[in-house]
Amino acid sequence: DKTLPVFTIDGTPTGETLILPGRHFDQPLRVDLVHRVVHWQRNKARKGRKKTKTRGEVSGTTRKARPQKGGGRARVGSLRAPQMRGGGVAHGPVVRSYETALNKRVRRAGLKVALSAKLAEGRVMLVRSTHDGVEPKTKWLDERLDKLLGNQSLAAGERSHSTWISNAKRASRNMPYVHVMHQRGLNVYDILRYRSLAMTPDALRELVRRLDAPLKPGRMTREDRLVVDEDADPLAPPAPEARDPGVELPAA
């Protein structure tokens with residue numbers, strides 16, 4: 001476990017500290033797991049909407065180009081063949097899905113490895129709020145984030161309600177190197193893509209509660225031996241008799 005102080009958006013310490021549980025933020029570095037999760041994410045994001053017409057789909061005549069025999073030239077069967085001008089495309093792209101399957105256990109383990117690597121680099125910060133005390137101005141937010149996190153920032157603290165937009169998200173719309181999202185959208189690719197990670201205390205608690213949730217509701221596994229009360233603080237250290245033995249990562 002590691003204790004981090006909580007700052008305001010302008011870098012002023014609030015005097016509050018939170019404990020980042022080691023079961024999520026102190027995992028060994030597994031490049032293979034992170035690579036598999038990123039590969040799964042990028043494949044899932046591909047659209048696969050490109051489509052070309054074959055010789056059976058392209059519009060064109062069906063008449064015979066010239067007589068079969070007697071002309072001394074090669075036989076021509078169809079004017080819609082791929083070698084003909086205006087004909088179909090051979091072996092072209094079709095509408096398809098690029099999604100690949102990946103177990104939930106591997107996805108969760110990859111997220112823990114990414115969070116642990118970012119914390120080991122010292123690039124995880126706790127910000128009190130992404131709305132209170134934040135001006136919805138791009139220049140104002142750029143100066144504060146440059147002082148607090150530096151360039152290439154990723155903030156997870158947005159509310160889940162789609163119609164509510166925090167001041168930080170409103171101000172970061174014109175900043176390509178800053179991305180403010182809800183903790184539900186926090187993923188391995190964005191954690192590795194951006195240089196720093198800032199989370200609000202509420203987002204951190206929800207993230208820990210999400211990582212502690214059973215992979216299969218109603219079914220206990222080795223990872224879910226630690227029973228967490230929904231009303232209890234997920235950042236509080238567990239009792240010695242109920243301490244989680246840890247998650248066994250998949251073999252390399």
# chains A, B, ... in the order shown; residues from 1 in each chain; ligands from 1
call {"tool": "select_by_dssp", "arguments": {"residues": "range 2-249 of chain A", "states": "strand (DSSP E or B)", "output": "PyMOL selection string"}}
result
chain A and resi 2-7+13-20+124-127+153-158+178-182+196-199+216+219
call {"tool": "write_last_selection", "arguments": {"atoms": "C-alpha atoms", "output": "PDB file, in the first residue's frame"}}
result
ATOM      1  CA  LYS A   2       1.097   3.557  -0.734  1.00  0.00           C
ATOM      2  CA  THR A   3      -0.174   6.821   0.721  1.00  0.00           C
ATOM      3  CA  LEU A   4      -0.631   9.831  -1.565  1.00  0.00           C
ATOM      4  CA  PRO A   5      -1.594  13.395  -0.635  1.00  0.00           C
ATOM      5  CA  VAL A   6      -4.571  15.136  -2.160  1.00  0.00           C
ATOM      6  CA  PHE A   7      -3.998  18.407  -4.024  1.00  0.00           C
ATOM      7  CA  PRO A  13      -1.980  20.466  -0.695  1.00  0.00           C
ATOM      8  CA  THR A  14      -5.287  19.966   1.078  1.00  0.00           C
ATOM      9  CA  GLY A  15      -3.794  18.052   4.015  1.00  0.00           C
ATOM     10  CA  GLU A  16      -5.816  14.957   3.164  1.00  0.00           C
ATOM     11  CA  THR A  17      -4.155  11.644   2.324  1.00  0.00           C
ATOM     12  CA  LEU A  18      -5.500   8.445   0.791  1.00  0.00           C
ATOM     13  CA  ILE A  19      -4.125   4.911   0.721  1.00  0.00           C
ATOM     14  CA  LEU A  20      -3.748   3.218  -2.636  1.00  0.00           C
ATOM     15  CA  VAL A 124      -0.257   9.344 -10.239  1.00  0.00           C
ATOM     16  CA  MET A 125      -1.822  12.348  -8.524  1.00  0.00           C
ATOM     17  CA  LEU A 126      -4.938  12.833  -6.438  1.00  0.00           C
ATOM     18  CA  VAL A 127      -6.954  15.968  -7.185  1.00  0.00           C
ATOM     19  CA  SER A 153      -2.305  14.518 -18.745  1.00  0.00           C
ATOM     20  CA  LEU A 154      -5.164  12.123 -18.158  1.00  0.00           C
ATOM     21  CA  ALA A 155      -7.747  12.942 -15.506  1.00  0.00           C
ATOM     22  CA  ALA A 156     -10.387  10.486 -14.270  1.00  0.00           C
ATOM     23  CA  GLY A 157     -13.025  12.220 -12.200  1.00  0.00           C
ATOM     24  CA  GLU A 158     -15.987  12.983 -14.422  1.00  0.00           C
ATOM     25  CA  VAL A 178      -5.559  16.346 -21.838  1.00  0.00           C
ATOM     26  CA  HIS A 179      -8.443  13.907 -21.499  1.00  0.00           C
ATOM     27  CA  VAL A 180     -11.006  14.086 -18.704  1.00  0.00           C
ATOM     28  CA  MET A 181     -13.159  10.979 -18.353  1.00  0.00           C
ATOM     29  CA  HIS A 182     -15.295   9.065 -15.904  1.00  0.00           C
ATOM     30  CA  SER A 196       0.314  11.454 -16.013  1.00  0.00           C
ATOM     31  CA  LEU A 197      -2.832  10.244 -14.300  1.00  0.00           C
ATOM     32  CA  ALA A 198      -4.899  12.379 -11.920  1.00  0.00           C
ATOM     33  CA  MET A 199      -7.888  11.003 -10.026  1.00  0.00           C
ATOM     34  CA  LYS A 216     -18.883 -13.379 -12.222  1.00  0.00           C
ATOM     35  CA  ARG A 219     -19.948 -16.911  -8.079  1.00  0.00           C
TER      36      ARG A 219
END
call {"tool": "closest_residue", "arguments": {"among": "A:Leu204, A:Met175, A:Leu111, A:Leu211", "to": "Val34 in chain A", "atoms": "only C-alpha atoms"}}
result
A:Leu111
call {"tool": "residues_around", "arguments": {"residues": "Ala90 in chain A", "least_positions_apart": "2", "cutoff": "12 Å", "atoms": "only C-alpha atoms", "output": "PyMOL selection string"}}
result
chain A and resi 51-58+80-84+87-88+92-94
call {"tool": "write_last_selection", "arguments": {"atoms": "N, CA, C and O atoms", "output": "PDB file, in the first residue's frame"}}
result
ATOM      1  N   LYS A  51     -15.794  -1.721 -47.867  1.00  0.00           N
ATOM      2  CA  LYS A  51     -16.424  -2.739 -48.699  1.00  0.00           C
ATOM      3  C   LYS A  51     -16.208  -2.391 -50.160  1.00  0.00           C
ATOM      4  O   LYS A  51     -16.384  -1.243 -50.568  1.00  0.00           O
ATOM      5  N   THR A  52     -15.809  -3.387 -50.971  1.00  0.00           N
ATOM      6  CA  THR A  52     -15.713  -3.239 -52.418  1.00  0.00           C
ATOM      7  C   THR A  52     -16.638  -4.260 -53.075  1.00  0.00           C
ATOM      8  O   THR A  52     -16.953  -5.304 -52.489  1.00  0.00           O
ATOM      9  N   LYS A  53     -17.040  -3.974 -54.296  1.00  0.00           N
ATOM     10  CA  LYS A  53     -17.964  -4.843 -55.011  1.00  0.00           C
ATOM     11  C   LYS A  53     -17.191  -5.875 -55.831  1.00  0.00           C
ATOM     12  O   LYS A  53     -16.203  -5.544 -56.482  1.00  0.00           O
ATOM     13  N   THR A  54     -17.673  -7.077 -55.797  1.00  0.00           N
ATOM     14  CA  THR A  54     -17.083  -8.142 -56.590  1.00  0.00           C
ATOM     15  C   THR A  54     -17.684  -8.133 -57.994  1.00  0.00           C
ATOM     16  O   THR A  54     -18.565  -7.314 -58.311  1.00  0.00           O
ATOM     17  N   ARG A  55     -17.250  -9.049 -58.817  1.00  0.00           N
ATOM     18  CA  ARG A  55     -17.751  -9.114 -60.192  1.00  0.00           C
ATOM     19  C   ARG A  55     -19.225  -9.492 -60.242  1.00  0.00           C
ATOM     20  O   ARG A  55     -19.910  -9.221 -61.241  1.00  0.00           O
ATOM     21  N   GLY A  56     -19.719 -10.082 -59.189  1.00  0.00           N
ATOM     22  CA  GLY A  56     -21.130 -10.410 -59.136  1.00  0.00           C
ATOM     23  C   GLY A  56     -21.990  -9.296 -58.593  1.00  0.00           C
ATOM     24  O   GLY A  56     -23.221  -9.380 -58.663  1.00  0.00           O
ATOM     25  N   GLU A  57     -21.406  -8.244 -58.029  1.00  0.00           N
ATOM     26  CA  GLU A  57     -22.155  -7.140 -57.431  1.00  0.00           C
ATOM     27  C   GLU A  57     -22.059  -5.850 -58.228  1.00  0.00           C
ATOM     28  O   GLU A  57     -22.896  -4.965 -58.079  1.00  0.00           O
ATOM     29  N   VAL A  58     -21.018  -5.697 -59.036  1.00  0.00           N
ATOM     30  CA  VAL A  58     -20.830  -4.458 -59.769  1.00  0.00           C
ATOM     31  C   VAL A  58     -21.875  -4.346 -60.880  1.00  0.00           C
ATOM     32  O   VAL A  58     -22.328  -5.349 -61.450  1.00  0.00           O
ATOM     33  N   ARG A  80     -17.498  -7.715 -66.627  1.00  0.00           N
ATOM     34  CA  ARG A  80     -17.432  -7.288 -65.221  1.00  0.00           C
ATOM     35  C   ARG A  80     -16.315  -7.990 -64.460  1.00  0.00           C
ATOM     36  O   ARG A  80     -16.267  -7.933 -63.231  1.00  0.00           O
ATOM     37  N   ALA A  81     -15.437  -8.662 -65.168  1.00  0.00           N
ATOM     38  CA  ALA A  81     -14.317  -9.357 -64.540  1.00  0.00           C
ATOM     39  C   ALA A  81     -13.335  -8.340 -63.965  1.00  0.00           C
ATOM     40  O   ALA A  81     -13.276  -7.178 -64.403  1.00  0.00           O
ATOM     41  N   PRO A  82     -12.529  -8.704 -62.974  1.00  0.00           N
ATOM     42  CA  PRO A  82     -11.604  -7.753 -62.337  1.00  0.00           C
ATOM     43  C   PRO A  82     -10.605  -7.124 -63.296  1.00  0.00           C
ATOM     44  O   PRO A  82     -10.184  -5.981 -63.081  1.00  0.00           O
ATOM     45  N   GLN A  83     -10.205  -7.829 -64.357  1.00  0.00           N
ATOM     46  CA  GLN A  83      -9.218  -7.257 -65.266  1.00  0.00           C
ATOM     47  C   GLN A  83      -9.812  -6.264 -66.246  1.00  0.00           C
ATOM     48  O   GLN A  83      -9.078  -5.592 -66.971  1.00  0.00           O
ATOM     49  N   MET A  84     -11.148  -6.139 -66.280  1.00  0.00           N
ATOM     50  CA  MET A  84     -11.805  -5.221 -67.188  1.00  0.00           C
ATOM     51  C   MET A  84     -11.989  -3.850 -66.548  1.00  0.00           C
ATOM     52  O   MET A  84     -12.151  -3.728 -65.337  1.00  0.00           O
ATOM     53  N   GLY A  87     -14.807  -3.128 -63.968  1.00  0.00           N
ATOM     54  CA  GLY A  87     -15.212  -4.410 -63.424  1.00  0.00           C
ATOM     55  C   GLY A  87     -15.119  -4.466 -61.915  1.00  0.00           C
ATOM     56  O   GLY A  87     -14.808  -3.470 -61.240  1.00  0.00           O
ATOM     57  N   GLY A  88     -15.396  -5.630 -61.373  1.00  0.00           N
ATOM     58  CA  GLY A  88     -15.356  -5.808 -59.928  1.00  0.00           C
ATOM     59  C   GLY A  88     -13.941  -5.887 -59.391  1.00  0.00           C
ATOM     60  O   GLY A  88     -12.955  -5.861 -60.135  1.00  0.00           O
ATOM     61  N   GLY A  92     -11.091  -7.948 -52.403  1.00  0.00           N
ATOM     62  CA  GLY A  92     -11.149  -6.646 -51.743  1.00  0.00           C
ATOM     63  C   GLY A  92     -11.666  -6.756 -50.318  1.00  0.00           C
ATOM     64  O   GLY A  92     -12.096  -7.823 -49.865  1.00  0.00           O
ATOM     65  N   PRO A  93     -11.623  -5.639 -49.568  1.00  0.00           N
ATOM     66  CA  PRO A  93     -12.116  -5.664 -48.184  1.00  0.00           C
ATOM     67  C   PRO A  93     -13.629  -5.824 -48.129  1.00  0.00           C
ATOM     68  O   PRO A  93     -14.355  -5.377 -49.032  1.00  0.00           O
ATOM     69  N   VAL A  94     -14.111  -6.453 -47.078  1.00  0.00           N
ATOM     70  CA  VAL A  94     -15.538  -6.652 -46.847  1.00  0.00           C
ATOM     71  C   VAL A  94     -15.861  -6.191 -45.434  1.00  0.00           C
ATOM     72  O   VAL A  94     -14.971  -6.031 -44.587  1.00  0.00           O
TER      73      VAL A  94
END
call {"tool": "atom_distance", "arguments": {"atom1": "CA of Ala171 in chain A", "atom2": "CA of Leu207 in chain A"}}
result
24.0 Å
call {"tool": "residues_around", "arguments": {"residues": "Lys44 in chain A", "least_positions_apart": "5", "cutoff": "9 Å", "atoms": "only C-alpha atoms", "output": "PyMOL selection string"}}
result
chain A and resi 39+97-100
call {"tool": "closest_residue", "arguments": {"among": "A:Arg184, A:Ile191, A:Thr8, A:Leu235", "to": "Arg205 in chain A", "atoms": "only C-alpha atoms"}}
result
A:Leu235
call {"tool": "select_by_dssp", "arguments": {"residues": "range 111-219 of chain A", "states": "alpha helix (DSSP H)", "output": "JSON, numbers by chain"}}
result
{"A": [111, 112, 113, 114, 115, 116, 117, 118, 119, 120, 138, 139, 140, 141, 142, 143, 144, 145, 146, 147, 148, 167, 168, 169, 170, 171, 188, 189, 190, 191, 192, 193, 201, 202, 203, 204, 205, 206, 207, 208, 209, 210, 211, 212]}
call {"tool": "residues_around", "arguments": {"residues": "Lys104 in chain A", "least_positions_apart": "3", "cutoff": "7 Å", "atoms": "only C-alpha atoms", "output": "PyMOL selection string"}}
result
chain A and resi 107-108+215
call {"tool": "write_last_selection", "arguments": {"atoms": "N, CA, C and O atoms", "output": "PDB file, in the first residue's frame"}}
result
ATOM      1  N   ARG A 107      -8.040  -8.947 -18.645  1.00  0.00           N
ATOM      2  CA  ARG A 107      -8.292  -7.516 -18.797  1.00  0.00           C
ATOM      3  C   ARG A 107      -8.095  -6.790 -17.465  1.00  0.00           C
ATOM      4  O   ARG A 107      -7.473  -5.727 -17.420  1.00  0.00           O
ATOM      5  N   ARG A 108      -8.640  -7.360 -16.398  1.00  0.00           N
ATOM      6  CA  ARG A 108      -8.490  -6.720 -15.094  1.00  0.00           C
ATOM      7  C   ARG A 108      -7.043  -6.741 -14.633  1.00  0.00           C
ATOM      8  O   ARG A 108      -6.543  -5.758 -14.063  1.00  0.00           O
ATOM      9  N   LEU A 215     -15.733 -11.155 -10.695  1.00  0.00           N
ATOM     10  CA  LEU A 215     -15.735 -11.267 -12.143  1.00  0.00           C
ATOM     11  C   LEU A 215     -17.053 -11.843 -12.646  1.00  0.00           C
ATOM     12  O   LEU A 215     -17.557 -11.445 -13.696  1.00  0.00           O
TER      13      LEU A 215
END
call {"tool": "closest_residue", "arguments": {"among": "A:Leu192, A:Gln41, A:Gln183, A:Arg73", "to": "Glu206 in chain A", "atoms": "only C-alpha atoms"}}
result
A:Gln183
call {"tool": "atom_distance", "arguments": {"atom1": "CA of Arg85 in chain A", "atom2": "CA of Ser59 in chain A"}}
result
12.1 Å
call {"tool": "closest_residue", "arguments": {"among": "A:Gly110, A:Pro136, A:Gly122, A:Gly185", "to": "Asp32 in chain A", "atoms": "only C-alpha atoms"}}
result
A:Gly110
call {"tool": "residues_around", "arguments": {"residues": "Val106 in chain A", "least_positions_apart": "3", "cutoff": "9 Å", "atoms": "only C-alpha atoms", "output": "PyMOL selection string"}}
result
chain A and resi 33-34+36-37+102-103+109-111+249-250
